[in-house]
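Asker: This is the content of input_9.txt (compact mmCIF, C-alpha atoms):
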# COMPACT_ATOMS: atom_id res chain seq x y z
CA MET O 29 0.00 0.00 0.00
CA THR O 30 1.46 3.37 -1.00
CA ARG O 31 2.06 6.20 1.44
CA GLN O 32 -0.58 8.27 -0.37
CA ARG O 33 -3.27 5.61 0.13
CA ILE O 34 -2.35 5.18 3.82
CA PHE O 35 -2.52 8.94 4.26
CA ILE O 36 -5.94 9.26 2.65
CA ILE O 37 -7.46 6.27 4.43
CA PHE O 38 -6.17 7.55 7.77
CA TYR O 39 -7.98 10.84 7.38
CA ALA O 40 -11.11 9.14 6.09
CA LEU O 41 -11.24 6.99 9.21
CA LEU O 42 -10.46 9.97 11.38
CA TRP O 43 -13.47 11.84 10.00
CA ALA O 44 -15.76 8.84 10.26
CA THR O 45 -14.92 8.06 13.86
CA THR O 46 -14.58 11.50 15.44
CA ALA O 47 -16.40 14.02 13.20
CA ILE O 48 -13.31 16.19 13.65
CA CYS O 49 -14.32 19.16 11.55
CA GLN O 50 -17.57 20.90 12.43
CA PRO O 51 -17.56 23.31 9.49
CA THR O 52 -17.71 27.07 9.75
CA ARG O 53 -16.96 27.63 6.06
CA VAL O 54 -17.68 25.36 3.09
CA SER O 55 -16.47 25.77 -0.48
CA PHE O 56 -16.98 23.86 -3.68
CA VAL O 57 -13.60 23.60 -5.42
CA ASN O 58 -13.17 22.59 -9.05
CA PHE O 59 -9.89 21.46 -10.58
CA TYR O 60 -9.61 21.91 -14.33
CA PRO O 61 -8.62 19.09 -16.72
CA GLY O 62 -5.32 17.24 -16.56
CA PRO O 63 -3.50 15.13 -19.16
CA ASP O 64 -4.84 11.71 -18.14
CA ILE O 65 -8.05 10.45 -19.71
CA TYR O 66 -9.88 10.24 -16.35
CA GLU O 67 -9.08 13.93 -15.76
CA LEU O 68 -10.47 15.39 -18.99
CA GLU O 69 -13.63 16.78 -17.37
CA GLY O 70 -11.75 17.91 -14.25
CA HIS O 71 -12.34 17.03 -10.61
CA SER O 72 -14.40 18.47 -7.74
CA VAL O 73 -14.06 18.43 -3.95
CA LEU O 74 -15.76 20.03 -0.99
CA ARG O 75 -13.43 22.18 1.09
CA VAL O 76 -14.60 22.09 4.68
CA GLN O 77 -12.99 24.52 7.12
CA GLY O 78 -13.51 24.73 10.85
CA PRO O 79 -11.70 25.24 14.13
CA ASP O 80 -10.44 21.66 14.01
CA GLY O 81 -9.05 21.61 10.50
CA ASP O 82 -9.15 22.46 6.80
CA LEU O 83 -10.10 19.37 4.80
CA ALA O 84 -10.81 18.40 1.20
CA ILE O 85 -13.64 15.89 0.88
CA SER O 86 -13.25 13.94 -2.36
CA TYR O 87 -15.66 11.43 -3.88
CA GLY O 88 -13.28 10.50 -6.66
CA THR O 89 -10.68 8.22 -5.06
CA PHE O 90 -9.99 4.85 -6.69
CA ASP O 91 -7.19 2.31 -6.56
CA PHE O 92 -5.94 1.50 -10.05
CA ASN O 93 -3.64 -1.15 -8.56
CA ALA O 94 -6.47 -3.07 -6.92
CA PRO O 95 -6.82 -6.71 -8.08
CA ASN O 96 -8.63 -7.03 -11.43
CA PHE O 97 -9.33 -3.28 -11.50
CA VAL O 98 -9.64 -3.02 -15.29
CA TYR O 99 -11.89 -6.10 -15.56
CA ARG O 100 -14.15 -4.90 -12.75
CA TYR O 101 -14.29 -1.40 -14.22
CA VAL O 102 -15.32 -2.73 -17.65
CA LYS O 103 -17.86 -5.01 -15.99
CA GLY O 104 -19.38 -2.02 -14.21
CA GLU O 105 -18.10 -2.75 -10.71
CA THR O 106 -16.69 0.75 -10.39
CA ASP O 107 -16.15 1.14 -6.67
CA TYR O 108 -14.90 4.56 -5.59
CA TRP O 109 -14.26 5.93 -2.09
CA VAL O 110 -15.14 9.13 -0.32
CA THR O 111 -11.98 10.34 1.40
CA ALA O 112 -10.83 13.27 3.50
CA ALA O 113 -7.33 14.78 3.47
CA PRO O 114 -5.77 18.08 4.52
CA TRP O 115 -6.66 20.77 2.04
CA TYR O 116 -3.02 21.73 1.43
CA TYR O 117 -2.40 18.20 0.13
CA PHE O 118 -4.92 18.66 -2.69
CA GLU O 119 -3.95 22.26 -3.41
CA GLN O 120 -0.26 21.46 -3.61
CA ALA O 121 -0.76 18.37 -5.80
CA TYR O 122 -2.93 20.11 -8.39
CA THR O 123 -0.89 23.32 -8.34
CA GLN O 124 2.24 21.34 -9.12
CA GLN O 125 0.42 19.88 -12.14
CA GLY O 126 -0.32 23.40 -13.36
CA ARG O 127 -4.07 22.85 -13.09
CA ARG O 128 -6.48 25.75 -12.76
CA ILE O 129 -8.19 25.71 -9.34
CA VAL O 130 -11.40 27.66 -8.69
CA GLU O 131 -13.05 27.91 -5.26
CA HIS O 132 -16.71 28.86 -4.77
CA GLU O 133 -17.65 29.67 -1.16
CA ILE O 134 -21.15 28.35 -0.43
CA ASP O 135 -23.57 30.67 1.37
CA MET O 136 -24.78 28.46 4.24
CA ASP O 137 -26.31 29.34 7.60
CA SER O 138 -25.39 27.60 10.85
CA ALA O 139 -28.25 25.07 10.64
CA GLN O 140 -27.25 24.09 7.10
CA LEU O 141 -23.63 23.69 8.19
CA VAL O 142 -24.72 21.32 10.95
CA ARG O 143 -26.80 19.28 8.50
CA LEU O 144 -23.91 19.14 6.04
CA ASN O 145 -21.63 17.82 8.76
CA GLN O 146 -24.21 15.11 9.51
CA VAL O 147 -24.48 14.21 5.82
CA LEU O 148 -20.71 13.95 5.46
CA ALA O 149 -20.36 11.91 8.65
CA GLU O 150 -22.97 9.50 7.28
CA ASN O 151 -21.10 9.28 3.96
CA PHE O 152 -17.98 8.23 5.85
CA LEU O 153 -19.63 5.36 7.70
CA PRO O 154 -18.03 2.01 6.78
CA GLN O 155 -21.15 0.86 4.91
CA ASN O 156 -21.29 4.10 2.88
CA ARG O 157 -17.64 4.99 2.34
CA VAL O 158 -17.39 2.95 -0.87
CA TYR O 159 -19.98 3.68 -3.55
CA ARG O 160 -20.74 2.44 -7.04
CA TYR O 161 -19.38 5.19 -9.28
CA ASN O 162 -21.27 6.15 -12.43
CA TYR O 163 -19.37 8.28 -14.93
CA VAL O 164 -22.30 10.54 -15.81
CA LYS O 165 -24.89 10.09 -13.05
CA ASP O 166 -23.03 9.55 -9.78
CA ASN O 167 -19.49 10.85 -9.83
CA CYS O 168 -16.98 13.18 -8.17
CA SER O 169 -18.96 16.35 -8.91
CA LEU O 170 -22.54 15.13 -8.48
CA ARG O 171 -21.93 13.39 -5.13
CA PRO O 172 -20.69 16.51 -3.28
CA LEU O 173 -23.35 18.57 -5.05
CA ARG O 174 -26.02 16.22 -3.70
CA ALA O 175 -24.49 16.48 -0.23
CA LEU O 176 -25.01 20.25 -0.42
CA GLN O 177 -28.51 19.65 -1.74
CA GLN O 178 -29.34 17.47 1.26
CA ALA O 179 -28.01 20.07 3.67
CA MET O 180 -29.78 23.00 1.99
CA GLY O 181 -33.21 21.51 1.38
CA ASP O 182 -33.19 20.24 -2.20
CA SER O 183 -33.45 23.73 -3.61
CA ILE O 184 -30.25 24.27 -5.58
CA MET O 185 -30.92 25.50 -9.13
CA LEU O 186 -28.14 25.35 -11.73
CA PRO O 187 -28.22 27.72 -14.73
CA HIS O 188 -27.72 26.76 -18.35
CA PRO O 189 -24.00 27.10 -19.17
CA ALA O 190 -23.00 29.54 -21.88
CA GLY O 191 -20.70 28.87 -24.80
CA LYS O 192 -20.08 25.74 -26.85
CA VAL O 193 -20.57 23.37 -23.94
CA GLY O 194 -24.01 24.88 -23.39
CA ALA O 195 -24.90 23.95 -26.96
CA ALA O 196 -24.10 20.29 -26.21
CA LYS O 197 -27.44 18.55 -25.81
CA THR O 198 -26.37 15.06 -24.67
CA PHE O 199 -23.80 13.42 -22.41
CA ARG O 200 -21.90 12.25 -25.49
CA GLN O 201 -21.75 15.74 -26.97
CA VAL O 202 -20.37 17.16 -23.72
CA MET O 203 -17.74 14.40 -23.68
CA ARG O 204 -16.78 15.08 -27.29
CA TYR O 205 -16.20 18.73 -26.49
CA TYR O 206 -13.74 17.95 -23.71
CA HIS O 207 -12.20 14.95 -25.48
CA ARG O 208 -11.52 16.76 -28.73
CA ASN O 209 -7.74 16.38 -28.34
CA TYR O 210 -8.11 12.71 -27.41
CA PRO O 211 -9.86 11.25 -30.49
CA TRP O 212 -8.94 7.62 -29.77
CA TYR O 213 -10.41 7.85 -26.29
CA GLN O 214 -13.63 9.27 -27.73
CA PHE O 215 -13.57 6.60 -30.43
CA GLY O 216 -13.53 3.97 -27.68
CA ILE O 217 -16.38 5.66 -25.83
CA ASP O 218 -18.45 5.88 -29.01
CA LEU O 219 -17.78 2.21 -29.65
CA ALA O 220 -18.51 0.95 -26.13
CA LEU O 221 -21.44 3.14 -25.05
CA GLY O 222 -24.80 2.91 -26.74
CA SER O 223 -27.80 5.19 -27.01
CA GLY O 224 -28.06 5.56 -23.22
CA ILE O 225 -25.86 8.67 -23.33
CA ASP O 226 -27.60 10.29 -26.30
CA TYR O 227 -30.84 11.59 -24.79
CA PRO O 228 -31.36 15.34 -24.14
CA ILE O 229 -29.98 16.27 -20.71
CA ASP O 230 -30.98 19.05 -18.34
CA ASP O 231 -28.69 21.56 -16.63
CA TRP O 232 -28.31 19.43 -13.50
CA GLU O 233 -27.18 16.45 -15.59
CA ARG O 234 -24.63 18.65 -17.36
CA ALA O 235 -22.95 19.09 -13.98
CA PHE O 236 -21.49 15.58 -14.31
CA ALA O 237 -18.50 17.42 -15.81
CA PRO O 238 -16.75 19.45 -13.07
CA VAL O 239 -15.63 22.04 -15.61
CA VAL O 240 -19.26 22.62 -16.59
CA LEU O 241 -20.34 22.79 -12.96
CA ASP O 242 -17.63 25.38 -12.35
CA ILE O 243 -19.28 27.63 -14.95
CA GLN O 244 -22.72 27.03 -13.47
CA LEU O 245 -21.85 27.72 -9.82
CA ASP O 246 -21.27 31.44 -10.36
CA SER O 247 -24.97 31.93 -11.16
CA ALA O 248 -26.48 29.03 -9.20
CA THR O 249 -29.27 29.84 -6.75
CA CYS O 250 -30.75 28.35 -3.62
CA GLU O 251 -34.24 29.35 -2.50
CA GLY O 252 -34.12 32.36 -4.79
CA LYS O 253 -30.75 33.74 -3.68
CA LYS O 254 -27.22 33.16 -4.90
CA LEU O 255 -25.75 29.87 -3.83
CA THR O 256 -22.25 31.27 -3.50
CA ARG O 257 -20.83 34.16 -1.53
CA GLY O 258 -17.94 34.62 -3.89
CA THR O 259 -15.50 32.96 -6.25
CA ARG O 260 -11.73 32.84 -5.88
CA ILE O 261 -9.13 31.58 -8.32
CA ILE O 262 -6.64 29.71 -6.17
CA ASN O 263 -4.34 28.85 -9.07
CA GLU O 264 -4.64 30.41 -12.51
CA GLY O 265 -2.96 27.41 -14.08
CA HIS O 266 -2.84 26.55 -17.75
CA ASP O 267 -4.26 24.00 -20.15
CA ALA O 268 -2.71 20.81 -18.75
CA THR O 269 -4.23 18.52 -21.39
CA LEU O 270 -2.29 17.19 -24.34
CA GLY O 271 -2.24 19.09 -27.60
CA PRO O 272 -4.29 18.10 -30.66
CA THR O 273 -3.58 14.67 -32.13
CA PRO O 274 -1.90 14.93 -35.57
CA TRP O 275 -4.53 14.32 -38.26
CA PHE O 276 -2.66 11.34 -39.69
CA LEU O 277 -2.85 9.56 -36.31
CA THR O 278 -6.57 10.09 -35.74
CA PRO O 279 -9.18 7.32 -35.99
CA MET O 280 -10.58 8.93 -39.13
CA ALA O 281 -7.19 8.84 -40.88
CA VAL O 282 -6.72 5.17 -39.97
CA ALA O 283 -10.30 4.33 -41.01
CA LEU O 284 -9.84 6.05 -44.39
CA LEU O 285 -6.61 4.13 -44.91
CA VAL O 286 -8.43 0.86 -44.19
CA LEU O 287 -11.18 1.83 -46.64
CA ALA O 288 -8.61 2.75 -49.31
CA LEU O 289 -6.91 -0.63 -48.89
CA GLY O 290 -10.32 -2.29 -49.06
CA ILE O 291 -11.09 -0.57 -52.36
CA VAL O 292 -7.69 -1.49 -53.83
CA PHE O 293 -7.97 -5.15 -52.85
CA THR O 294 -11.60 -5.34 -53.98
CA LEU O 295 -10.77 -4.03 -57.46
CA ARG O 296 -7.89 -6.50 -57.62
CA ASP O 297 -10.07 -9.38 -56.42
CA MET O 298 -12.84 -8.65 -58.90
CA HIS O 299 -10.32 -8.60 -61.74
CA ARG O 300 -8.68 -11.89 -60.83
CA ARG O 301 -11.84 -13.43 -59.32
CA ARG O 302 -10.09 -14.46 -56.16
CA VAL O 303 -10.41 -13.13 -52.62
CA THR O 304 -7.43 -11.63 -50.78
CA ARG O 305 -7.88 -13.89 -47.80
CA TRP O 306 -5.22 -12.43 -45.52
CA PHE O 307 -6.77 -8.95 -45.72
CA ASP O 308 -10.25 -10.23 -44.89
CA ALA O 309 -8.86 -12.41 -42.09
CA VAL O 310 -7.16 -9.43 -40.45
CA LEU O 311 -10.08 -7.04 -41.02
CA PHE O 312 -12.82 -9.33 -39.78
CA GLY O 313 -10.60 -10.68 -37.03
CA ILE O 314 -10.32 -7.15 -35.59
CA PHE O 315 -14.06 -6.62 -36.07
CA GLY O 316 -14.76 -9.93 -34.34
CA LEU O 317 -12.60 -9.10 -31.32
CA ALA O 318 -14.36 -5.73 -31.04
CA GLY O 319 -17.64 -7.64 -31.29
CA CYS O 320 -16.61 -9.88 -28.38
CA LEU O 321 -15.96 -6.76 -26.31
CA LEU O 322 -19.38 -5.33 -27.23
CA THR O 323 -20.98 -8.66 -26.33
CA PHE O 324 -19.42 -8.49 -22.87
CA LEU O 325 -20.44 -4.85 -22.38
CA ILE O 326 -24.01 -5.41 -23.58
CA PHE O 327 -24.82 -8.71 -21.92
CA VAL O 328 -22.47 -8.95 -18.91
CA SER O 329 -21.49 -5.47 -17.84
CA THR O 330 -23.78 -3.60 -15.47
CA HIS O 331 -22.91 -0.23 -17.02
CA GLU O 332 -26.34 1.14 -17.87
CA ALA O 333 -25.13 3.05 -20.94
CA THR O 334 -23.65 0.03 -22.74
CA SER O 335 -27.04 -1.34 -23.82
CA PRO O 336 -28.70 -0.99 -26.22
CA ASN O 337 -25.80 -0.52 -28.60
CA TRP O 338 -26.90 -0.72 -32.22
CA LEU O 339 -23.33 -1.15 -33.42
CA PHE O 340 -23.78 -4.78 -32.40
CA LEU O 341 -25.47 -5.34 -35.77
CA TRP O 342 -22.11 -4.50 -37.34
CA LEU O 343 -19.60 -5.67 -34.72
CA ASN O 344 -20.33 -9.04 -33.13
CA PRO O 345 -18.54 -12.36 -32.56
CA LEU O 346 -19.91 -13.78 -35.83
CA CYS O 347 -17.29 -11.67 -37.61
CA LEU O 348 -14.77 -14.30 -36.45
CA ILE O 349 -16.30 -16.74 -38.92
CA VAL O 350 -14.22 -15.09 -41.64
CA PRO O 351 -10.70 -15.43 -40.16
CA ILE O 352 -11.49 -18.98 -39.02
CA PHE O 353 -13.18 -20.46 -42.10
CA ILE O 354 -11.79 -18.40 -44.99
CA TRP O 355 -8.71 -20.62 -45.08
CA LEU O 356 -10.71 -23.85 -45.45
CA LYS O 357 -11.73 -24.70 -49.02
CA ASN O 358 -14.61 -26.90 -47.90
CA CYS O 359 -16.07 -24.03 -45.81
CA LYS O 360 -16.52 -21.43 -48.54
CA ILE O 361 -20.30 -21.79 -48.23
CA VAL O 362 -20.04 -20.92 -44.53
CA VAL O 363 -18.22 -17.66 -45.26
CA PHE O 364 -20.54 -16.95 -48.21
CA SER O 365 -23.63 -17.41 -46.03
CA TYR O 366 -22.17 -15.20 -43.31
CA GLN O 367 -21.29 -12.42 -45.78
CA ILE O 368 -24.84 -12.40 -47.14
CA ALA O 369 -26.18 -12.02 -43.61
CA ASN O 370 -23.47 -9.47 -42.78
CA PHE O 371 -24.21 -7.34 -45.85
CA THR O 372 -27.94 -7.48 -45.05
CA MET O 373 -27.35 -6.35 -41.45
CA ILE O 374 -25.17 -3.44 -42.58
CA ILE O 375 -27.86 -2.24 -44.97
CA ALA O 376 -30.49 -2.61 -42.24
CA LEU O 377 -28.28 -0.69 -39.79
CA ALA O 378 -27.76 2.13 -42.29
CA ILE O 379 -31.51 2.42 -42.91
CA ALA O 380 -32.54 2.19 -39.24
CA TRP O 381 -29.75 4.34 -37.76
CA PRO O 382 -31.63 7.69 -37.79
CA TRP O 383 -34.32 6.10 -35.61
CA THR O 384 -31.99 4.41 -33.10
CA GLY O 385 -31.23 7.62 -31.21
CA GLN O 386 -27.56 6.67 -31.07
CA SER O 387 -24.77 8.97 -32.21
CA ALA O 388 -21.90 7.40 -34.15
CA ASN O 389 -18.27 8.34 -34.39
CA ALA O 390 -17.49 9.68 -37.85
CA ALA O 391 -14.62 7.21 -38.18
CA PHE O 392 -17.11 4.33 -38.10
CA VAL O 393 -18.41 5.25 -41.56
CA PRO O 394 -15.29 4.29 -43.58
CA LEU O 395 -14.93 1.09 -41.55
CA ILE O 396 -18.54 0.07 -42.15
CA LEU O 397 -18.18 0.88 -45.85
CA CYS O 398 -15.07 -1.28 -46.01
CA ASP O 399 -16.94 -4.09 -44.25
CA ALA O 400 -19.83 -3.87 -46.73
CA LEU O 401 -17.44 -3.66 -49.67
CA ARG O 402 -15.54 -6.78 -48.63
CA ALA O 403 -18.78 -8.65 -47.96
CA ALA O 404 -20.08 -7.76 -51.44
CA ASN O 405 -16.71 -8.70 -52.92
CA TYR O 406 -16.79 -12.18 -51.37
CA ILE O 407 -20.36 -12.74 -52.55
CA TYR O 408 -19.42 -11.64 -56.10
CA VAL O 409 -16.28 -13.82 -56.27
CA TYR O 410 -18.08 -16.85 -54.85
CA LYS O 411 -21.00 -16.55 -57.28
CA THR O 412 -18.67 -15.90 -60.23
CA ASN O 413 -16.54 -18.98 -59.54
CA LYS O 414 -19.45 -21.26 -58.71
Is it possible to give me this structure as structure tokens?
Answerer:
Amino acid sequence: MTRQRIFIIFYALLWATTAICQPTRVSFVNFYPGPDIYELEGHSVLRVQGPDGDLAISYGTFDFNAPNFVYRYVKGETDYWVTAAPWYYFEQAYTQQGRRIVEHEIDMDSAQLVRLNQVLAENFLPQNRVYRYNYVKDNCSLRPLRALQQAMGDSIMLPHPAGKVGAAKTFRQVMRYYHRNYPWYQFGIDLALGSGIDYPIDDWERAFAPVVLDIQLDSATCEGKKLTRGTRIINEGHDATLGPTPWFLTPMAVALLVLALGIVFTLRDMHRRRVTRWFDAVLFGIFGLAGCLLTFLIFVSTHEATSPNWLFLWLNPLCLIVPIFIWLKNCKIVVFSYQIANFTMIIALAIAWPWTGQSANAAFVPLILCDALRAANYIYVYKTNK
């Protein structure tokens, strides 16, 4: 166990067992994005100050080194902790990263401060300290916001954010705005998550992104008056995210290259009336492995946004029929039958897509076209040589 984890757990237990910090001042602090993919929407903590201490209450602590972390995360068993640590620990760590830090002091009376302390103490009880994290509905910004809501009577109103992020109408569109320099990460999200993140969201749901919530807090209200007493920039910081990905390394560039190769090999195959088996084996092998992942996410994972995912009509384990059977002369009919079904499903997906409610990554289009092209090519070559 690292020194950092010991340190955080110690203060979490200290809060839970002694209620050390009866607050006299509470702030909502937002840290702007960092370079890692789990930091692209920022992070939020409650800063709780009192005669006994100055603590940061974070609902975003996880242990990446825990056994089977990646498997459990993909499966939906995303267990995060609520932790407490000295405020200077958080401030120093994020300042050293060059992250922008904005503090909003919450306007709370003495009764609300007492209730907040009770809410936080309850959150730190052993049975409540670990919670099932949800990326868009129960995360590091929404949990502390709900704690304030409980303490202040369920009356917090968040305004509609201005600018480009305000024009984003769905969870996926908000993600795309903040992931614009990380196209492969967004490609993976668009592949793994289905239509469950594509419905119109309200201003409270937009607060799943701490950087959006930071914009909203300046004009937020509670029972008709401003929620905050004032805003202070603790660290001006800079854009700590990575720069734009070169165009030739983006998913779209790779997808167009795959389509171009598909066109070249298809023209060659039609001329010589023979299929380029190695190309189809590699292409459909990759599609099949992606289909196995989608199968797991749709039918095994408990992530609510992974199903329904209409891409399953295109990417599914049946794609593995091609790399397995294309090498066997006696199994040409198997591949032929699959490609007829595959081509039919692609056409059906293209026709039905506008009614699915799901938003697709633009890089999927060249890949789907290449899939359809190679399916049609196999059907043509098979029928011609029959």
Asker: Can you tell me, as a list in words, what residues are no more than 10 Å from Arg200 in chain O when counting all atoms listed in the file, ignoring any on the same chain fewer than 6 positions away?
Answerer: Val164, Gln214, Ile217, Asp218, Leu221, Gly222, Ser223, Gly224, Ile225, Asp226, Tyr227, Gln386, Ser387 and Ala388 of chain O
Asker: May I have the residues from that selection written out with C-alpha atoms, as a short mmCIF file (atom, residue, chain, number, x, y, z; two decimals), in the frame of the given file?
Answerer:
data_model
loop_
_atom_site.label_atom_id
_atom_site.label_comp_id
_atom_site.auth_asym_id
_atom_site.auth_seq_id
_atom_site.Cartn_x
_atom_site.Cartn_y
_atom_site.Cartn_z
CA VAL O 164 -22.30 10.54 -15.81
CA GLN O 214 -13.63 9.27 -27.73
CA ILE O 217 -16.38 5.66 -25.83
CA ASP O 218 -18.45 5.88 -29.01
CA LEU O 221 -21.44 3.14 -25.05
CA GLY O 222 -24.80 2.91 -26.74
CA SER O 223 -27.80 5.19 -27.01
CA GLY O 224 -28.06 5.56 -23.22
CA ILE O 225 -25.86 8.67 -23.33
CA ASP O 226 -27.60 10.29 -26.30
CA TYR O 227 -30.84 11.59 -24.79
CA GLN O 386 -27.56 6.67 -31.07
CA SER O 387 -24.77 8.97 -32.21
CA ALA O 388 -21.90 7.40 -34.15
#
Asker: May I have a table of the residues of range 269-342 of chain O lying at most 10 Å from range 102-106 of chain O, giving each one's closest pair of atoms and their distance in Å to one decimal, counting all atoms listed in the file, ordered by chain and ascending residue number, as JSON lines?
Answerer:
{"residue": "O:Leu321", "atom": "CA", "partner": "O:Val102", "partner_atom": "CA", "distance": 9.6}
{"residue": "O:Phe324", "atom": "CA", "partner": "O:Lys103", "partner_atom": "CA", "distance": 7.9}
{"residue": "O:Leu325", "atom": "CA", "partner": "O:Lys103", "partner_atom": "CA", "distance": 6.9}
{"residue": "O:Ile326", "atom": "CA", "partner": "O:Lys103", "partner_atom": "CA", "distance": 9.8}
{"residue": "O:Phe327", "atom": "CA", "partner": "O:Lys103", "partner_atom": "CA", "distance": 9.9}
{"residue": "O:Val328", "atom": "CA", "partner": "O:Lys103", "partner_atom": "CA", "distance": 6.7}
{"residue": "O:Ser329", "atom": "CA", "partner": "O:Lys103", "partner_atom": "CA", "distance": 4.1}
{"residue": "O:Thr330", "atom": "CA", "partner": "O:Gly104", "partner_atom": "CA", "distance": 4.8}
{"residue": "O:His331", "atom": "CA", "partner": "O:Gly104", "partner_atom": "CA", "distance": 4.9}
{"residue": "O:Glu332", "atom": "CA", "partner": "O:Gly104", "partner_atom": "CA", "distance": 8.5}
{"residue": "O:Thr334", "atom": "CA", "partner": "O:Gly104", "partner_atom": "CA", "distance": 9.8}
Asker: Would you mind telling me which residue in O:Trp342, O:Phe371, O:Tyr60, O:Phe199 lies nearest to Glu233 in chain O when using only C-alpha atoms?
Answerer: O:Phe199
Asker: With distances taken over all atoms listed in the file, which residue among O:Leu397, O:Ala237, O:Ala380, O:Ile243 lies nearest Glu69 in chain O?
Answerer: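 Checking each candidate against Glu69 in chain O, we get O:Ala237 as the closest.
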Asker: Using all atoms listed in the file, pick whichever of O:Ala309, O:Asn370, O:Thr89, O:Ala318 has the shortest atom-to-atom distance to Phe353 in chain O.
Answerer: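 Of all the options, O:Ala309 lies closest to Phe353 in chain O.
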Asker: With only C-alpha atoms as the atoms that count, which of O:Leu270, O:Ala235, O:Cys168, O:Leu68 lies nearest to Thr198 in chain O?
Answerer: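 Result for the nearest residue to Thr198 in chain O: O:Ala235.
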Asker: Smallest atom-to-atom distance to Asp182 in chain O: which of O:Asn337, O:Thr249, O:Asn263, O:Ser86, using all atoms listed in the file?
Answerer: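 When distances to Asp182 in chain O are compared using all atoms listed in the file, the smallest one comes from O:Thr249.
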Asker: Rank O:Ala333, O:Ala175, O:Leu148, O:Val363 by their smallest atom-to-atom distance to Leu346 in chain O, using all atoms listed in the file, and report the top residue only.
Answerer: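 Answer, going by the shortest atom-to-atom distance: O:Val363.
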Asker: Can you measure CA of Asn151 in chain O to CA of Ser55 in chain O for me? One decimal in Å is fine.
Answerer: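 About the pair CA of Asn151 in chain O and CA of Ser55 in chain O: they are 17.7 Å apart.
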Asker: Any idea what the distance is between CA of Phe152 in chain O and CA of Ser169 in chain O?
Answerer: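 These two atoms are separated by 16.9 Å.
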Asker: Any idea what the distance is between CA of Glu150 in chain O and CA of Asn167 in chain O?
Answerer: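 We find that CA of Glu150 in chain O and CA of Asn167 in chain O lie 17.5 Å from each other.
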